[in-house]
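Participant: This is protein-v3.txt (compact mmCIF, C-alpha atoms and all ligand atoms).
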# COMPACT_ATOMS: atom_id res chain seq x y z
CA MET A 1 -3.40 -65.02 -7.54
CA LYS A 2 -4.20 -64.57 -3.83
CA ALA A 3 -6.21 -61.42 -3.19
CA ILE A 4 -4.29 -58.72 -1.36
CA ASP A 5 -5.79 -57.79 2.00
CA ALA A 6 -5.51 -54.01 2.45
CA LYS A 7 -5.40 -54.49 6.23
CA GLU A 8 -1.98 -56.09 5.86
CA ARG A 9 -0.74 -53.18 3.75
CA LEU A 10 -1.61 -50.12 5.80
CA ILE A 11 1.15 -48.91 8.11
CA VAL A 12 0.19 -46.25 10.63
CA ALA A 13 2.93 -43.84 11.73
CA LEU A 14 2.91 -43.48 15.53
CA ASP A 15 4.21 -39.91 15.44
CA LEU A 16 3.37 -39.12 19.05
CA PRO A 17 5.38 -37.82 22.00
CA THR A 18 4.59 -40.48 24.60
CA VAL A 19 4.23 -44.24 24.83
CA GLU A 20 0.80 -43.82 26.46
CA GLU A 21 -0.53 -41.90 23.47
CA ALA A 22 1.02 -44.37 21.05
CA LYS A 23 -0.57 -47.32 22.89
CA ARG A 24 -3.92 -45.52 22.92
CA LEU A 25 -3.80 -45.07 19.14
CA VAL A 26 -2.78 -48.71 18.63
CA ARG A 27 -5.75 -49.82 20.77
CA HIS A 28 -8.16 -47.47 18.96
CA LEU A 29 -7.18 -49.15 15.71
CA ASP A 30 -7.40 -52.70 17.06
CA GLY A 31 -8.65 -55.15 14.45
CA LEU A 32 -8.16 -52.65 11.62
CA VAL A 33 -4.45 -51.88 11.64
CA SER A 34 -1.72 -54.32 12.60
CA PHE A 35 1.40 -52.61 11.23
CA PHE A 36 2.90 -49.59 12.99
CA LYS A 37 5.81 -47.30 12.27
CA ILE A 38 7.99 -45.82 14.98
CA GLY A 39 9.86 -42.73 13.86
CA LEU A 40 12.11 -40.08 15.31
CA GLU A 41 9.59 -38.49 17.67
CA LEU A 42 8.68 -41.66 19.54
CA GLN A 43 12.05 -43.40 19.15
CA LEU A 44 13.75 -42.13 22.27
CA VAL A 45 10.85 -42.49 24.68
CA ALA A 46 9.51 -45.77 23.27
CA GLY A 47 12.68 -47.82 23.16
CA LEU A 48 12.85 -51.57 23.19
CA ASP A 49 9.99 -52.09 25.66
CA PHE A 50 7.42 -50.53 23.37
CA VAL A 51 8.71 -52.47 20.35
CA LYS A 52 8.39 -55.70 22.35
CA TRP A 53 4.90 -54.68 23.51
CA LEU A 54 3.84 -54.36 19.87
CA ILE A 55 5.45 -57.64 18.84
CA GLN A 56 3.88 -59.53 21.77
CA ASP A 57 0.53 -58.11 20.68
CA GLU A 58 1.16 -59.67 17.23
CA LYS A 59 1.66 -56.31 15.57
CA LYS A 60 4.22 -55.74 12.85
CA VAL A 61 6.84 -53.11 13.50
CA PHE A 62 8.52 -50.70 11.11
CA LEU A 63 11.46 -48.79 12.61
CA ASP A 64 11.84 -45.66 10.51
CA TYR A 65 15.24 -44.69 11.88
CA LYS A 66 16.80 -43.91 8.50
CA TYR A 67 20.14 -45.42 9.43
CA PHE A 68 23.12 -43.68 7.85
CA ASP A 69 26.59 -44.32 9.25
CA VAL A 70 29.90 -46.05 8.61
CA GLU A 71 29.53 -49.62 7.44
CA GLU A 72 30.71 -51.35 10.63
CA THR A 73 28.24 -49.36 12.73
CA ILE A 74 25.41 -50.06 10.29
CA ARG A 75 26.16 -53.81 10.19
CA ARG A 76 26.13 -54.10 13.97
CA ALA A 77 23.11 -51.87 14.52
CA VAL A 78 21.04 -53.69 11.90
CA ALA A 79 21.98 -57.04 13.49
CA GLN A 80 20.54 -55.72 16.78
CA VAL A 81 17.29 -54.66 15.09
CA ALA A 82 17.02 -58.02 13.29
CA ALA A 83 17.44 -59.94 16.54
CA ILE A 84 14.43 -58.19 18.10
CA GLY A 85 12.06 -59.40 15.40
CA VAL A 86 11.29 -56.08 13.75
CA ASN A 87 9.73 -56.31 10.25
CA PHE A 88 10.88 -53.17 8.38
CA LEU A 89 13.83 -50.80 8.87
CA THR A 90 14.85 -47.77 6.79
CA VAL A 91 18.43 -47.20 5.68
CA HIS A 92 20.08 -44.50 3.65
CA GLY A 93 23.08 -44.00 1.54
CA SER A 94 25.65 -45.56 -0.71
CA GLY A 95 25.83 -49.09 -2.03
CA GLY A 96 28.42 -49.89 0.65
CA ILE A 97 26.15 -48.77 3.48
CA ILE A 98 23.22 -50.76 2.13
CA ARG A 99 25.37 -53.85 1.61
CA ALA A 100 26.52 -53.56 5.22
CA ALA A 101 22.88 -53.42 6.32
CA VAL A 102 22.11 -56.51 4.24
CA GLU A 103 24.99 -58.34 5.93
CA GLY A 104 23.79 -57.17 9.34
CA ARG A 105 20.31 -58.55 8.95
CA GLY A 106 21.73 -61.94 7.90
CA GLN A 107 19.10 -64.67 7.52
CA SER A 108 16.47 -62.84 9.57
CA GLU A 109 13.02 -61.83 8.32
CA LEU A 110 13.86 -58.13 8.59
CA LYS A 111 13.15 -56.18 5.37
CA LEU A 112 15.46 -53.29 4.61
CA LEU A 113 13.98 -50.27 2.88
CA ALA A 114 16.14 -47.61 1.26
CA VAL A 115 15.01 -44.01 1.42
CA THR A 116 14.92 -42.55 -2.10
CA VAL A 117 13.82 -38.88 -1.94
CA LEU A 118 11.52 -37.59 0.82
CA THR A 119 7.99 -36.76 -0.39
CA SER A 120 8.40 -33.30 1.13
CA LEU A 121 11.20 -32.43 -1.33
CA ASP A 122 10.82 -31.09 -4.86
CA ALA A 123 13.29 -30.20 -7.62
CA LEU A 124 14.38 -26.99 -5.90
CA ASP A 125 15.03 -28.80 -2.63
CA ILE A 126 17.18 -31.47 -4.22
CA ARG A 127 19.15 -28.75 -6.03
CA ASP A 128 19.65 -27.22 -2.60
CA LEU A 129 21.13 -30.57 -1.54
CA GLY A 130 23.53 -30.45 -4.48
CA PHE A 131 21.73 -32.65 -7.02
CA GLU A 132 21.35 -31.09 -10.47
CA CYS A 133 18.77 -33.53 -11.84
CA ALA A 134 15.06 -34.24 -11.90
CA VAL A 135 13.56 -35.75 -8.73
CA GLU A 136 12.49 -38.85 -10.64
CA ASP A 137 16.02 -39.43 -11.94
CA LEU A 138 17.45 -39.30 -8.42
CA VAL A 139 14.71 -41.59 -7.09
CA LEU A 140 15.32 -44.13 -9.86
CA TYR A 141 19.09 -43.95 -9.45
CA ARG A 142 18.81 -44.63 -5.72
CA ALA A 143 16.25 -47.39 -6.26
CA ARG A 144 18.53 -49.12 -8.75
CA LYS A 145 21.52 -48.84 -6.41
CA ALA A 146 19.48 -50.17 -3.50
CA MET A 147 18.31 -53.14 -5.56
CA GLU A 148 21.83 -53.95 -6.73
CA ALA A 149 23.05 -53.80 -3.12
CA GLY A 150 20.45 -56.42 -2.08
CA CYS A 151 17.92 -54.14 -0.40
CA ASP A 152 14.37 -55.47 -0.11
CA GLY A 153 12.50 -52.31 -0.92
CA VAL A 154 12.35 -48.55 -1.15
CA ILE A 155 10.49 -45.68 0.39
CA THR A 156 9.16 -43.57 -2.41
CA SER A 157 6.38 -41.15 -3.22
CA GLY A 158 3.42 -42.29 -5.29
CA HIS A 159 4.72 -40.07 -8.08
CA GLU A 160 7.69 -42.33 -8.74
CA ALA A 161 6.16 -45.67 -7.75
CA ARG A 162 5.19 -46.57 -11.31
CA ALA A 163 8.67 -45.95 -12.70
CA ILE A 164 10.22 -48.01 -9.89
CA ARG A 165 7.79 -50.84 -10.50
CA GLU A 166 8.77 -50.86 -14.18
CA LEU A 167 12.44 -50.83 -13.23
CA ALA A 168 12.35 -53.43 -10.47
CA LYS A 169 9.31 -55.57 -11.36
CA ASP A 170 8.78 -57.66 -8.21
CA ARG A 171 12.31 -57.32 -6.87
CA LEU A 172 11.59 -54.31 -4.64
CA LEU A 173 8.83 -53.67 -2.12
CA ILE A 174 7.43 -50.19 -2.68
CA VAL A 175 6.44 -48.42 0.53
CA THR A 176 4.76 -45.05 0.03
CA PRO A 177 4.33 -42.31 2.64
CA GLY A 178 3.00 -38.81 2.02
CA ILE A 179 -0.50 -40.22 1.53
CA ARG A 180 -3.39 -37.80 1.61
CA PRO A 181 -7.02 -38.84 1.10
CA GLU A 182 -8.94 -36.74 -1.45
CA GLY A 183 -9.41 -33.20 -0.11
CA ALA A 184 -7.13 -33.61 2.95
CA THR A 185 -4.51 -30.99 3.76
CA ARG A 186 -1.12 -31.90 2.25
CA ASN A 187 0.98 -30.42 5.08
CA GLU A 188 4.59 -30.18 3.89
CA HIS A 189 4.31 -32.92 1.25
CA LYS A 190 5.02 -31.57 -2.21
CA ARG A 191 4.66 -34.99 -3.83
CA SER A 192 1.65 -36.44 -1.98
CA VAL A 193 -0.90 -38.79 -3.59
CA THR A 194 -4.21 -40.36 -2.53
CA PRO A 195 -4.34 -43.98 -1.33
CA THR A 196 -5.94 -44.99 -4.64
CA GLN A 197 -3.30 -43.23 -6.75
CA ALA A 198 -0.45 -44.79 -4.76
CA ILE A 199 -1.77 -48.31 -5.24
CA GLN A 200 -2.62 -47.75 -8.89
CA ALA A 201 0.99 -46.63 -9.37
CA GLY A 202 2.29 -49.87 -7.85
CA ALA A 203 2.79 -49.27 -4.12
CA ASP A 204 2.76 -52.40 -1.93
CA TYR A 205 2.39 -50.65 1.45
CA LEU A 206 1.10 -47.20 2.41
CA VAL A 207 2.35 -45.23 5.41
CA VAL A 208 -0.22 -42.87 6.91
CA GLY A 209 0.36 -40.56 9.85
CA ARG A 210 -1.58 -37.35 10.39
CA PRO A 211 -4.69 -38.21 8.35
CA ILE A 212 -5.37 -40.94 10.97
CA ARG A 213 -3.60 -39.54 14.04
CA ASP A 214 -5.29 -36.15 13.81
CA ALA A 215 -8.73 -37.37 12.76
CA LYS A 216 -11.54 -36.87 15.27
CA ASP A 217 -12.42 -40.52 14.76
CA HIS A 218 -9.20 -42.48 14.13
CA ARG A 219 -11.05 -45.69 13.27
CA MET A 220 -13.33 -44.02 10.77
CA ALA A 221 -10.36 -42.38 9.04
CA ALA A 222 -8.50 -45.70 8.87
CA GLU A 223 -11.60 -47.55 7.65
CA GLN A 224 -12.09 -45.08 4.78
CA ILE A 225 -8.47 -45.41 3.72
CA LEU A 226 -8.73 -49.21 3.89
CA VAL A 227 -11.85 -49.20 1.70
CA ASP A 228 -10.02 -47.09 -0.92
CA MET A 229 -6.93 -49.31 -0.70
CA GLN A 230 -8.91 -52.53 -1.01
CA SER A 231 -10.75 -51.44 -4.12
CA ALA A 232 -7.54 -50.12 -5.69
CA PHE A 233 -5.75 -53.44 -5.00
CA GLU A 234 -8.68 -55.38 -6.49
CA ARG A 235 -8.73 -53.22 -9.61
CA ARG A 236 -4.96 -53.57 -9.95
CA GLN A 237 -5.11 -57.36 -9.61
CA ARG A 238 -7.80 -57.58 -12.30
CA LEU A 239 -5.58 -55.77 -14.84
O1 LIG A 301 1.69 -37.51 8.86
P1 LIG A 301 2.15 -38.07 7.56
O2 LIG A 301 1.12 -38.99 6.91
O3 LIG A 301 2.69 -37.05 6.60
O4 LIG A 301 3.34 -39.02 8.00
C1 LIG A 301 4.25 -39.53 7.16
C2 LIG A 301 5.23 -40.37 7.96
O5 LIG A 301 6.10 -40.96 7.03
C3 LIG A 301 6.08 -39.58 8.92
O6 LIG A 301 6.33 -40.42 10.03
C4 LIG A 301 7.36 -39.31 8.17
O7 LIG A 301 8.48 -39.31 9.01
C5 LIG A 301 7.42 -40.46 7.22
N1 LIG A 301 7.90 -40.10 5.89
C6 LIG A 301 8.97 -40.76 5.36
N2 LIG A 301 9.41 -40.49 4.10
C7 LIG A 301 8.81 -39.57 3.38
C8 LIG A 301 7.70 -38.90 3.89
C9 LIG A 301 7.28 -39.20 5.17
O8 LIG A 301 9.53 -41.62 6.02
N3 LIG A 301 9.22 -39.38 2.14
What would you get if you wrote out this structure as structure tokens?
Facilitator:
Amino acid sequence: MKAIDAKERLIVALDLPTVEEAKRLVRHLDGLVSFFKIGLELQLVAGLDFVKWLIQDEKKVFLDYKYFDVEETIRRAVAQVAAIGVNFLTVHGSGGIIRAAVEGRGQSELKLLAVTVLTSLDALDIRDLGFECAVEDLVLYRARKAMEAGCDGVITSGHEARAIRELAKDRLLIVTPGIRPEGATRNEHKRSVTPTQAIQAGADYLVVGRPIRDAKDHRMAAEQILVDMQSAFERRQRL
């Protein structure tokens, strides 16, 4: 089995207010990180030009736009994203919405990731949303629906990654945000895990924002996470 290279599996969230700051962070991490996530904060100001800048620089791009809309709109919007050459896109919702996204991406390389339950939510929060069940049950239900609808992967906390891996085997990519290195502040994440725990549980990709963005030395923070990821992948592959 080919060894997994942690550098291909770390996605850094560019949660920054300007393109200049985002480019600066990308350059700081040159040679270490080649996969970047654009989310709601940067979305409006970055636009297509920034996405193209990343792609031309041979970076991989994850648009975390959490698409949720009527099927026709989803199909057409996803087709636009696929045509640009983006690698990952998040979608939300029912089987019909996800199937529309799958149709929209057609034969392109774009991978569609379904949001399960945000890592910042716990049992009380999902009750507040109207779900009278355990977080893990909702995560697994949504993962199963996403898989049946032809989705490529899911966004899930490290807490549920193992159960999803058992459910899906290799049929779903598991992308895990809410990562906090040992001893780091958890911020709002109620279901955070360390890089090592996430990979031990079966995650394929980790999404890291503040622990790298807010570090005094961005490279050093990324390097430490990559070291932990690499040894966790190697231990996992030996099992
Ligand atoms: O700064 P932090 O490492 O917490 O960043 C996590 C990133 O992942 C943020 O961009 C957030 O929008 C995203 N996220 C997500 N789904 C979750 C938790 C975080 O997409 N369940």
Participant: Using all atoms of range 53-66 of chain A that appear in the file, construct an axis-aligned enclosing box with 5 Å of padding on every side and provide its centre coordinates and edge lengths in Å, rounded to one decimal, as AutoDock Vina command-line options.
Facilitator:
--center_x 8.7 --center_y -51.8 --center_z 16.0 --size_x 26.3 --size_y 25.8 --size_z 25.0
Participant: Considering all atoms listed in the file, tabulate each residue of range 41-110 of chain A that lies at most 12 Å from range 205-208 of chain A along with its nearest interatomic pair and the corresponding distance in Å to one decimal; arrange the rows by chain and ascending residue number and present them as CSV.
Facilitator:
residue,atom,partner,partner_atom,distance
A:Phe62,CA,A:Val207,CA,10.0
A:Asp64,CA,A:Val207,CA,10.8
A:Phe88,CA,A:Tyr205,CA,11.2
Participant: At a cut-off of 9 Å and counting all atoms listed in the file, what residues surround ligand LIG 301 (chain A)? Please answer as a VMD selection string.
Facilitator: chain A and resid 12 to 15 37 to 41 64 to 66 90 115 to 121 155 to 157 176 to 180 186 to 189 191 to 192 207 to 214
Participant: For those residues, write C-alpha atoms to a file as a tab-separated table (two decimals), keeping the file's coordinate frame.
Facilitator:
chain	number	residue	atom	x	y	z
A	12	VAL	CA	0.19	-46.25	10.63
A	13	ALA	CA	2.93	-43.84	11.73
A	14	LEU	CA	2.91	-43.48	15.53
A	15	ASP	CA	4.21	-39.91	15.44
A	37	LYS	CA	5.81	-47.30	12.27
A	38	ILE	CA	7.99	-45.82	14.98
A	39	GLY	CA	9.86	-42.73	13.86
A	40	LEU	CA	12.11	-40.08	15.31
A	41	GLU	CA	9.59	-38.49	17.67
A	64	ASP	CA	11.84	-45.66	10.51
A	65	TYR	CA	15.24	-44.69	11.88
A	66	LYS	CA	16.80	-43.91	8.50
A	90	THR	CA	14.85	-47.77	6.79
A	115	VAL	CA	15.01	-44.01	1.42
A	116	THR	CA	14.92	-42.55	-2.10
A	117	VAL	CA	13.82	-38.88	-1.94
A	118	LEU	CA	11.52	-37.59	0.82
A	119	THR	CA	7.99	-36.76	-0.39
A	120	SER	CA	8.40	-33.30	1.13
A	121	LEU	CA	11.20	-32.43	-1.33
A	155	ILE	CA	10.49	-45.68	0.39
A	156	THR	CA	9.16	-43.57	-2.41
A	157	SER	CA	6.38	-41.15	-3.22
A	176	THR	CA	4.76	-45.05	0.03
A	177	PRO	CA	4.33	-42.31	2.64
A	178	GLY	CA	3.00	-38.81	2.02
A	179	ILE	CA	-0.50	-40.22	1.53
A	180	ARG	CA	-3.39	-37.80	1.61
A	186	ARG	CA	-1.12	-31.90	2.25
A	187	ASN	CA	0.98	-30.42	5.08
A	188	GLU	CA	4.59	-30.18	3.89
A	189	HIS	CA	4.31	-32.92	1.25
A	191	ARG	CA	4.66	-34.99	-3.83
A	192	SER	CA	1.65	-36.44	-1.98
A	207	VAL	CA	2.35	-45.23	5.41
A	208	VAL	CA	-0.22	-42.87	6.91
A	209	GLY	CA	0.36	-40.56	9.85
A	210	ARG	CA	-1.58	-37.35	10.39
A	211	PRO	CA	-4.69	-38.21	8.35
A	212	ILE	CA	-5.37	-40.94	10.97
A	213	ARG	CA	-3.60	-39.54	14.04
A	214	ASP	CA	-5.29	-36.15	13.81
Participant: Anything within 10 Å of (-3.7, -49.6, 15.5): list those residues as a ChimeraX atom specification, counting only C-alpha atoms and sticking to the file's coordinates.
Facilitator: /A:10-14,22-36,54,59,212,218-219,222
Participant: At what distance in Å, to one decimal, does CA of Gly93 in chain A lie from CA of Thr73 in chain A?
Facilitator: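 One can read the CA of Thr73 in chain A to CA of Gly93 in chain A distance as 13.4 Å.
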